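*Asks:* One structure, as structure tokens, below. Some questions next.
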Amino acid sequence: MIHPRRVRFSWEETPLHWVPGDPFTTHLINVLHMLLPAGERWFVHVFRQALPYVTDDELKAEVKGFMGQEGTHAVAHQRVLEHMKEQGLDPTPFVENVEWLFERLLGDHTLPPTARRYWLRERLAIIAAIEHYTAVLGDWILRARPLDEAGADPVMMDLLRWHGAEEVEHRSVAFDLYTHLDGSYARRARTMALTGAVLLFLLRRGAGFLLANDPIVDGRVTARWTHFLRRSREGRVPTLRSLVMAAPRYLRPGFHPSQEGDLGAALDYIAISPRTPSSSRTGGPVESSDKPGIVIIGSGFAGIGMAIKLKEAGYHDFVILEKAEDLGGTWRDNTYPGCACDIPSHMYSYSFELNPGWSRMFSPQEEIWEYMRACGWKYGIDPHVRYGKHVVSLEYLGREWEITTADGEVMRANAVISAIGALHIPKFPEIAGRFAGPSFHSAEWDHSVELKNKRVAVIGTGASAVQFVPRIAPEAAHLTLFQRTPPWIHPKPDFAVSPAMRQALRLPGAARALRNGIYWALETRALGFAVDPRLMKVHERLALRHLERQVPDGELRRKLTPGYTIGCKRILISSDLYPALSRENVTLVTEGITELRDHAVVDATGGAHPADVVIYGTGFRVTDALQEQRIVGREGLKIQDAWQDGIEAYYGITTAGFPNLFFLLGPNTGLGHNSVVFMIESQVRYVMDCLRLLSKTGARAIDVRPERQRAFNERLQERLNRLVWTEGGCRSWYLDEHGVNRTTWPGFTFEYWARTRKMKPDAYELIY
């Protein structure tokens with residue numbers, strides 16, 4: 001089975017011309033370093049899109065192993081580029097062209113589903129063709145003794161041979177994946193012809209670029225074919241014939257990559273590579289001695305954003321532990337019909353990665369998830385992610401954190417950043433009895449259950465239910481919606497973004513201006529939240545007008561009219577829920593549920609409502625998401641003991657007694673009016689400040705002072721007690737079991753931004 005291996009290369013002693021006296025050979029091979037980081041990130045990105053379509057479990061496991069290896073390769077070659085830059089040869093202009101090729105030309109495009117699937121198959125065929133060539137090059141480099149005889153740098157040769165050996169090892173995966181999902185011979189031939197021509201072009205142009213910008217050569221050596229032919233005769237580069245003849249072999253009937261290369265030689269080299277730790281040569285799991293500097297838990301918006309800023313600051317010694325098999329957090333998990341964001345897309349995204357190509361003002365789940373995966377790919381995050389790693393324990397050992405995952409792996413790190421978010425533990429109501437048919441939570445939608453012509457019972461009217469009920473009501477034989485408390489609902493100002501508008505948003509400053517306008521428009525909604533609940537009247541009038549326009553039936557309208565101040569519960573947006581509830585095949589039940597029977601849901605009046613399927617739209621266990629973790633801090637302090645009076649943190653980020661443990665979207669950082677991605681970016685910046693303080697002072701750890709945390713939370717709760725979440729006359733998931741708001745930020749988001757813009761060192765104890 002294919003597994004990624006951990007390798008370590010030190011470039012301090014590697015000269016710019018690592019083949020002594022031969023800048024042409026050096027830079028022709030150096031072109032690979034410029035192509036591979038962006039190219040292999042693209043491989044991983046495309047393969048991740050293909051994984052859901054793979055039905056062969058063995059192939060799926062091989063694909064995941066392939067992705068891990070390619071991610072590791074990307075990181076290793078990226079560090080060579082950094083070394084070249086330090087030596088005065090900046091590859092950035094050429095690398096930017098390569099990134100454009102993979103990220104733009106061959107990247108994701110806004111396409112209808114059929115065209116998107118076609119484009120996926122096309123890219124898989126391109127990858128299969130590229131992998132054929134890289135396996136040929138891998139087999140060659142394992143046998144390239146003339147380079148050793150020429151005195152080539154041993155560290156560089158080890159990198160090339162380790163990579164080449166793994167290319168030979170996984171040479172069949174891309175081809176097998178392509179044939180599994182398509183296999184068209186015409187596409188295979190077309191993409192091979194295209195790939196071969198483009199690779200030769202890039203090798204020629206790349207070598208020319210490096211030679212022209214080499215500070216030692218200073219333009220005296222150029223990339224000529226005569227140089228290539230001479231070096232190929234000497235065995236220092238592959239022969240032109242070996243590259244050209246690779247194409248006909250790939251296209252012959254009955255071809256399979258297993259016929260190419262020497263697998264035994266490849267595995268033999270991996271076993272003796274001096275840069276491969278012994279624990280990793282067999283591809284087995286990394287031992288507990290594995291010690292990254294920082295561990296990030298979770299790969300949603302918070303985890304990805306944190307990782308991007310770490311890399312931007314030049315810090316690469318971190319891993320992301322992700323319990324699932326893909327990144328994306330709640331936008332990966334929630335796949336129910338109609339799933340979309342209720343904040344405009346141009347605001348619900350990173351400020352440093354604007355997307356002028358959103359298809360709608362409120363984009364659907366699939367598009368948001370794809371945006372997140374594209375960010376992970378573009379910024380090289382995937383090589384840092386370890387998938388299938390569910391963290392079950394964190395324990396501070398006095399100098400470092402010990403992190404344990406569900407599969408028994410143990411690692412240690414200097415700092416831990418919890419980016420698990422709040423919306424990932426489904427909440428189920430306690431109802432007596434048992435339902436015999438299919439039942440599931442909206443966050444765990446069972447797409448195998450057919451709802452057409454079925455009697456469907458939906459329990460709950462939260463943010464998810466208002467999206468999926470209008471989608472499933474038309475196909476259900478009958479839908480019964482059980483409502484405990486009616487939500488306040490505003491109309492949803494959603495519309496498709498026209499191609500002309502998307503093009504206009506690509507103009508300099510246009511997308512930024514739109515984002516800023518949306519931000520301030522949303523921020524005005526906080527007046528009633530942050531200043532005085534009476535200011536919510538304007539929002540209440542808007543919601544009541546919306547209800548009156550869409551629900552002509554007086555009795556139904558009465559059932560849908562809330563009896564609490566708007567904003568006390570989350571304000572929902574929908575323009576199609578009320579029409580769905582007015583359908584003849586939909587019944588709204590406002591009595592409480594007392595029992596589940598084999599094929600019915602019983603309400604408080606004793607009425608039994610027949611059902612074939614039960615769907616829970618009952619939200620998430622928000623405050624429990626943090627409190628139920630096993631986290632042990634200084635002197636054995638458990639997080640449950642630290643939070644025995646309720647969860648709290650300093651600005652939602654740090655908690656006294658737990659050094660170097662940072663929470664993103666921690667207590668009291670949720671919002672009811674604007675984008676939490678804005679809050680995440682503020683928190684990420686704050687964490688980076690904390691890490692810089694550690695680096696500057698040489699301290700081992702940082703721990704917020706208990707008195708500062710206590711004073712902050714006393715002021716926070718004093719503000720919250722006067723606001724709509726507490727005074728609005730409702731009971732919501734914002735409040736804990738004591739009726740205390742542990743979820744939302746009580747002010748404007750720009751206030752939080754200003755307060756966290758710079759961390760205050762005097763609020764923390766430095767531990768040396």
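Every chain in the structure tokens takes a letter, A first, then B, and so on in the order presented; its residues are numbered from 1, and the ligands are numbered from 1 following the presented order.
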Among region 389-579 of chain A, which ones does DSSP place in strand (DSSP E), written as a ChimeraX atom specification?
*Replies:* /A:391-396,401-405,410-413,415-418,432-433,439-441,455-459,478-482,489-490,572-573
*Asks:* Given the selection you just returned, output its residues as a file containing N, CA and C atoms, formatted as an mmCIF file, in the first residue's frame.
*Replies:*
data_model
loop_
_atom_site.group_PDB
_atom_site.id
_atom_site.type_symbol
_atom_site.label_atom_id
_atom_site.label_comp_id
_atom_site.auth_asym_id
_atom_site.auth_seq_id
_atom_site.Cartn_x
_atom_site.Cartn_y
_atom_site.Cartn_z
ATOM 1 N N VAL A 391 -8.614 13.946 16.935
ATOM 2 C CA VAL A 391 -7.927 14.218 18.195
ATOM 3 C C VAL A 391 -8.852 13.885 19.364
ATOM 4 N N VAL A 392 -8.370 13.052 20.277
ATOM 5 C CA VAL A 392 -9.179 12.651 21.438
ATOM 6 C C VAL A 392 -8.613 13.170 22.749
ATOM 7 N N SER A 393 -7.384 13.675 22.733
ATOM 8 C CA SER A 393 -6.801 14.123 23.995
ATOM 9 C C SER A 393 -5.705 15.147 23.742
ATOM 10 N N LEU A 394 -5.692 16.184 24.604
ATOM 11 C CA LEU A 394 -4.609 17.155 24.646
ATOM 12 C C LEU A 394 -4.131 17.237 26.089
ATOM 13 N N GLU A 395 -2.825 17.119 26.305
ATOM 14 C CA GLU A 395 -2.308 17.194 27.669
ATOM 15 C C GLU A 395 -1.002 17.976 27.681
ATOM 16 N N TYR A 396 -0.950 18.993 28.541
ATOM 17 C CA TYR A 396 0.250 19.822 28.662
ATOM 18 C C TYR A 396 1.223 19.145 29.620
ATOM 19 N N TRP A 401 2.901 20.189 24.462
ATOM 20 C CA TRP A 401 1.602 19.514 24.450
ATOM 21 C C TRP A 401 1.737 18.116 23.861
ATOM 22 N N GLU A 402 1.038 17.177 24.472
ATOM 23 C CA GLU A 402 0.944 15.820 23.923
ATOM 24 C C GLU A 402 -0.433 15.661 23.303
ATOM 25 N N ILE A 403 -0.453 15.311 22.028
ATOM 26 C CA ILE A 403 -1.704 15.195 21.290
ATOM 27 C C ILE A 403 -1.910 13.737 20.919
ATOM 28 N N THR A 404 -3.064 13.198 21.264
ATOM 29 C CA THR A 404 -3.371 11.796 20.972
ATOM 30 C C THR A 404 -4.571 11.733 20.043
ATOM 31 N N THR A 405 -4.477 10.897 19.015
ATOM 32 C CA THR A 405 -5.578 10.731 18.074
ATOM 33 C C THR A 405 -6.262 9.391 18.289
ATOM 34 N N VAL A 410 0.474 9.325 18.793
ATOM 35 C CA VAL A 410 0.790 10.344 19.793
ATOM 36 C C VAL A 410 1.888 11.238 19.234
ATOM 37 N N MET A 411 1.684 12.528 19.317
ATOM 38 C CA MET A 411 2.726 13.459 18.883
ATOM 39 C C MET A 411 2.829 14.579 19.901
ATOM 40 N N ARG A 412 3.912 15.302 19.836
ATOM 41 C CA ARG A 412 4.130 16.411 20.750
ATOM 42 C C ARG A 412 4.410 17.672 19.951
ATOM 43 N N ALA A 413 3.937 18.795 20.494
ATOM 44 C CA ALA A 413 4.081 20.072 19.807
ATOM 45 C C ALA A 413 4.241 21.175 20.830
ATOM 46 N N ALA A 415 2.879 24.194 20.497
ATOM 47 C CA ALA A 415 1.621 24.940 20.593
ATOM 48 C C ALA A 415 0.525 24.186 19.868
ATOM 49 N N VAL A 416 -0.711 24.382 20.322
ATOM 50 C CA VAL A 416 -1.882 23.763 19.706
ATOM 51 C C VAL A 416 -2.897 24.861 19.402
ATOM 52 N N ILE A 417 -3.444 24.819 18.210
ATOM 53 C CA ILE A 417 -4.481 25.770 17.800
ATOM 54 C C ILE A 417 -5.737 24.971 17.483
ATOM 55 N N SER A 418 -6.760 25.146 18.307
ATOM 56 C CA SER A 418 -8.020 24.428 18.111
ATOM 57 C C SER A 418 -8.892 25.211 17.152
ATOM 58 N N ALA A 432 -39.244 10.236 23.637
ATOM 59 C CA ALA A 432 -39.503 8.839 24.002
ATOM 60 C C ALA A 432 -39.869 8.027 22.764
ATOM 61 N N GLY A 433 -39.625 6.723 22.840
ATOM 62 C CA GLY A 433 -40.015 5.836 21.753
ATOM 63 C C GLY A 433 -38.924 5.653 20.717
ATOM 64 N N SER A 439 -34.066 7.563 9.626
ATOM 65 C CA SER A 439 -34.052 8.863 10.290
ATOM 66 C C SER A 439 -32.621 9.368 10.316
ATOM 67 N N PHE A 440 -32.441 10.661 10.172
ATOM 68 C CA PHE A 440 -31.095 11.234 10.160
ATOM 69 C C PHE A 440 -31.163 12.726 10.431
ATOM 70 N N HIS A 441 -30.024 13.281 10.842
ATOM 71 C CA HIS A 441 -29.887 14.714 11.076
ATOM 72 C C HIS A 441 -29.508 15.393 9.759
ATOM 73 N N ARG A 455 -43.867 9.953 3.051
ATOM 74 C CA ARG A 455 -44.357 10.827 4.111
ATOM 75 C C ARG A 455 -43.158 11.207 4.982
ATOM 76 N N VAL A 456 -42.830 12.477 4.971
ATOM 77 C CA VAL A 456 -41.611 12.947 5.629
ATOM 78 C C VAL A 456 -41.985 13.815 6.824
ATOM 79 N N ALA A 457 -41.402 13.494 7.973
ATOM 80 C CA ALA A 457 -41.564 14.315 9.175
ATOM 81 C C ALA A 457 -40.260 15.062 9.417
ATOM 82 N N VAL A 458 -40.345 16.380 9.499
ATOM 83 C CA VAL A 458 -39.174 17.216 9.779
ATOM 84 C C VAL A 458 -39.346 17.809 11.169
ATOM 85 N N ILE A 459 -38.365 17.582 12.033
ATOM 86 C CA ILE A 459 -38.412 18.090 13.402
ATOM 87 C C ILE A 459 -37.438 19.253 13.512
ATOM 88 N N HIS A 478 -46.236 13.721 1.468
ATOM 89 C CA HIS A 478 -46.703 14.672 2.479
ATOM 90 C C HIS A 478 -45.536 15.001 3.398
ATOM 91 N N LEU A 479 -45.452 16.264 3.789
ATOM 92 C CA LEU A 479 -44.397 16.699 4.692
ATOM 93 C C LEU A 479 -45.038 17.327 5.927
ATOM 94 N N THR A 480 -44.644 16.839 7.092
ATOM 95 C CA THR A 480 -45.114 17.395 8.359
ATOM 96 C C THR A 480 -43.940 18.073 9.039
ATOM 97 N N LEU A 481 -44.085 19.378 9.289
ATOM 98 C CA LEU A 481 -43.023 20.146 9.924
ATOM 99 C C LEU A 481 -43.409 20.428 11.377
ATOM 100 N N PHE A 482 -42.589 19.948 12.305
ATOM 101 C CA PHE A 482 -42.840 20.138 13.729
ATOM 102 C C PHE A 482 -42.042 21.353 14.209
ATOM 103 N N ILE A 489 -38.046 35.560 10.153
ATOM 104 C CA ILE A 489 -37.465 35.307 8.835
ATOM 105 C C ILE A 489 -37.506 36.581 7.997
ATOM 106 N N HIS A 490 -36.375 36.950 7.438
ATOM 107 C CA HIS A 490 -36.277 38.041 6.474
ATOM 108 C C HIS A 490 -36.245 37.471 5.062
ATOM 109 N N LEU A 572 -33.370 34.275 10.507
ATOM 110 C CA LEU A 572 -33.154 33.451 9.326
ATOM 111 C C LEU A 572 -33.533 34.230 8.072
ATOM 112 N N ILE A 573 -33.004 33.814 6.954
ATOM 113 C CA ILE A 573 -33.367 34.438 5.677
ATOM 114 C C ILE A 573 -33.865 33.358 4.730
#
*Asks:* I want to know what sits within 9 Å of Thr561 (chain A), based on only C-alpha atoms, with residues of the same chain fewer than 2 positions away left out; could you give that as JSON, numbers by chain?
*Replies:* {"A": [486, 487, 488, 544, 547, 556, 557, 558, 559, 563]}
*Asks:* Just write the chosen residues, C-alpha atoms, as a PDB file, in the first residue's frame.
*Replies:*
ATOM      1  CA  PRO A 486     -41.345  30.068  15.061  1.00  0.00           C
ATOM      2  CA  PRO A 487     -38.244  31.861  13.768  1.00  0.00           C
ATOM      3  CA  TRP A 488     -38.139  35.430  12.576  1.00  0.00           C
ATOM      4  CA  LEU A 544     -43.757  40.860   9.548  1.00  0.00           C
ATOM      5  CA  LEU A 547     -44.772  37.017   6.473  1.00  0.00           C
ATOM      6  CA  LEU A 556     -51.061  29.658   9.403  1.00  0.00           C
ATOM      7  CA  ARG A 557     -49.692  33.174   9.708  1.00  0.00           C
ATOM      8  CA  ARG A 558     -50.587  33.198  13.419  1.00  0.00           C
ATOM      9  CA  LYS A 559     -48.642  29.954  13.966  1.00  0.00           C
ATOM     10  CA  GLY A 563     -43.725  35.913  20.323  1.00  0.00           C
TER      11      GLY A 563
END
*Asks:* Within 12 Å of Asp553 (chain A), counting only C-alpha atoms, which residues show up once you throw out same-chain ones fewer than 5 positions away? Write them as a PyMOL selection string, please.
*Replies:* chain A and resi 547-548+558-560+578-579+581-583
*Asks:* List as a short mmCIF file (atom, residue, chain, number, x, y, z; two decimals) with C-alpha atoms, in the first residue's frame the protein and nucleic acid residues near region 69-83 of chain A, meaning an atom at most 10 Å away when only C-alpha atoms are counted, but skip any in the same chain fewer than 2 places from it.
*Replies:*
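Once written, selection_2.cif looks like this:
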data_model
loop_
_atom_site.label_atom_id
_atom_site.label_comp_id
_atom_site.auth_asym_id
_atom_site.auth_seq_id
_atom_site.Cartn_x
_atom_site.Cartn_y
_atom_site.Cartn_z
CA ILE A 2 1.28 3.47 -0.92
CA HIS A 3 2.03 5.84 1.98
CA PRO A 4 3.72 9.24 2.22
CA ARG A 5 7.15 9.20 3.84
CA ARG A 6 8.61 11.95 5.93
CA VAL A 7 11.95 13.25 4.68
CA ARG A 8 14.29 15.99 5.79
CA PHE A 9 16.71 17.79 3.49
CA SER A 10 19.25 20.38 4.59
CA TRP A 11 20.32 22.78 1.84
CA GLU A 12 22.89 24.90 3.68
CA THR A 14 24.26 22.86 -1.54
CA PRO A 15 25.80 25.27 -4.08
CA LEU A 16 23.81 27.11 -6.72
CA ASN A 30 16.08 22.74 -11.65
CA LEU A 32 11.46 20.46 -12.15
CA HIS A 33 11.66 22.37 -8.86
CA MET A 34 9.77 25.23 -10.49
CA LEU A 35 7.09 22.98 -12.01
CA LEU A 36 6.48 20.50 -9.22
CA PRO A 37 5.16 22.48 -6.21
CA ALA A 38 2.24 24.05 -8.10
CA GLY A 39 1.77 20.97 -10.28
CA GLU A 40 1.62 18.48 -7.44
CA ARG A 41 -0.70 20.68 -5.40
CA TRP A 42 -2.92 20.67 -8.47
CA PHE A 43 -2.70 16.86 -8.68
CA VAL A 44 -3.87 16.58 -5.07
CA HIS A 45 -6.66 19.09 -5.65
CA VAL A 63 -5.26 7.40 -4.46
CA LYS A 64 -5.05 8.70 -0.89
CA GLY A 65 -1.51 7.37 -0.55
CA PHE A 66 -0.62 8.99 -3.89
CA MET A 67 -2.02 12.32 -2.66
CA LYS A 85 16.33 32.61 -3.92
CA GLU A 86 18.70 32.88 -0.96
CA GLN A 87 21.59 32.31 -3.38
CA GLY A 88 20.56 35.22 -5.59
CA LEU A 89 18.51 33.39 -8.23
CA ASP A 90 14.86 34.33 -7.83
CA PRO A 91 12.58 31.83 -9.65
CA THR A 92 9.39 33.74 -8.75
CA VAL A 95 6.90 30.08 -10.95
CA MET A 156 20.13 17.21 -4.29
CA LEU A 159 15.93 14.47 -3.22
CA LEU A 160 15.67 13.65 -6.92
CA TRP A 162 13.76 9.71 -3.42
CA HIS A 163 11.13 11.54 -5.48
CA GLU A 166 8.20 7.22 -5.27
CA GLU A 167 7.14 8.16 -8.82
CA HIS A 170 2.97 4.97 -7.55
CA GLY A 283 5.65 3.91 4.51
CA HIS A 316 6.30 25.67 7.83
CA TRP A 377 -4.40 24.07 -2.96
CA GLY A 380 0.09 24.75 -0.38
CA ILE A 381 -1.83 23.68 2.72
CA ASP A 382 -2.66 20.10 1.75
CA PRO A 383 0.84 18.71 2.35
CA HIS A 384 0.48 19.76 5.99
CA VAL A 385 -2.85 17.98 6.51
#
*Asks:* Report the distance between CA of Gln717 (chain A) and CA of Asp645 (chain A) in Å, rounded to one decimal place.
*Replies:* 12.9 Å
*Asks:* Name the residues in contact with Ser575 (chain A) at a cut-off of 10 Å, using only C-alpha atoms, excluding same-chain residues fewer than 4 positions from it; report them as a compact mmCIF listing (two decimals) with C-alpha atoms, in the first residue's frame.
*Replies:*
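Saved as out.txt:
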# COMPACT_ATOMS: atom_id res chain seq x y z
CA VAL A 466 -35.61 26.58 6.25
CA GLN A 467 -33.26 25.65 3.40
CA PRO A 470 -38.64 24.01 0.35
CA ILE A 489 -37.47 35.31 8.83
CA HIS A 490 -36.28 38.04 6.47
CA PRO A 491 -36.55 37.77 2.69
CA LYS A 492 -33.40 36.43 1.07
CA PRO A 493 -31.94 38.94 -1.42
CA ASP A 494 -30.35 36.20 -3.51
CA HIS A 546 -42.50 39.41 4.57
CA LEU A 547 -44.77 37.02 6.47
CA GLN A 550 -46.15 35.30 1.57
CA PRO A 579 -44.65 29.34 0.13
CA ALA A 580 -43.56 25.75 0.88
*Asks:* For each of A:Ala50, A:Ala144, A:Leu263, A:Leu203, take the minimum atom-to-atom distance to Phe228 (chain A), counting only C-alpha atoms, then give the residue where this is smallest.
*Replies:*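 Of the candidates, the smallest distance to Phe228 (chain A) is held by A:Leu203.
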*Asks:* Kindly indicate which residue among A:Ile343, A:Leu124, A:Ile653, A:Leu210 lies nearest to Ala419 (chain A), using only C-alpha atoms for the distances.
*Replies:*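 Closest candidate: A:Ile653.
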*Asks:* Could you check which of A:Phe620, A:Trp358, A:Tyr371, A:Trp445 is closest to Arg502 (chain A), using only C-alpha atoms?
*Replies:*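 Ranked by minimum distance to Arg502 (chain A), first place goes to A:Trp358.
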*Asks:* Considering only C-alpha atoms, return as number ranges by chain whatever protein or nucleic-acid residues lie within 12 Å of Met157 (chain A), sequence-local ones (same chain, fewer than 2 positions apart) excluded.
*Replies:* A: 9, 11, 14, 18-19, 26, 29-30, 138, 141-155, 159-165, 236, 269, 273-275
*Asks:* Compile the contact shell of Trp753 (chain A) as a ChimeraX atom specification: residues with an atom at most 9 Å away, counting only C-alpha atoms, same-chain residues fewer than 4 positions apart removed.
*Replies:* /A:678-679,681-683,748-749,757
*Asks:* What does the structure give for the distance between CA of Leu671 (chain A) and CA of Pro344 (chain A), in Å to one decimal?
*Replies:*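 According to the coordinates, CA of Leu671 (chain A) and CA of Pro344 (chain A) are separated by 14.4 Å.
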*Asks:* Which residue gives the smallest distance to Leu251 (chain A) among A:Ile420, A:Ala436, A:Ala186, A:Ala465, with only C-alpha atoms counted?
*Replies:*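 Smallest distance to Leu251 (chain A) is found for A:Ala186.
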*Asks:* So, counting only C-alpha atoms, which residue among A:Asp158, A:Asp176, A:Glu450, A:Asp214 is closest to Ile270 (chain A)?
*Replies:*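 Once distances to Ile270 (chain A) are computed over only C-alpha atoms, the minimum belongs to A:Asp158.
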*Asks:* Record the distance separating CA of Leu766 (chain A) and CA of Val319 (chain A), expressed in Å with one decimal.
*Replies:*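 A separation of 24.4 Å between them.
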*Asks:* Measuring atom to atom with only C-alpha atoms, identify which of A:Lys452, A:Lys311, A:Arg241, A:Arg434 is nearest to Tyr379 (chain A).
*Replies:*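 Among A:Lys452, A:Lys311, A:Arg241, A:Arg434, it is A:Lys311 that comes nearest to Tyr379 (chain A).
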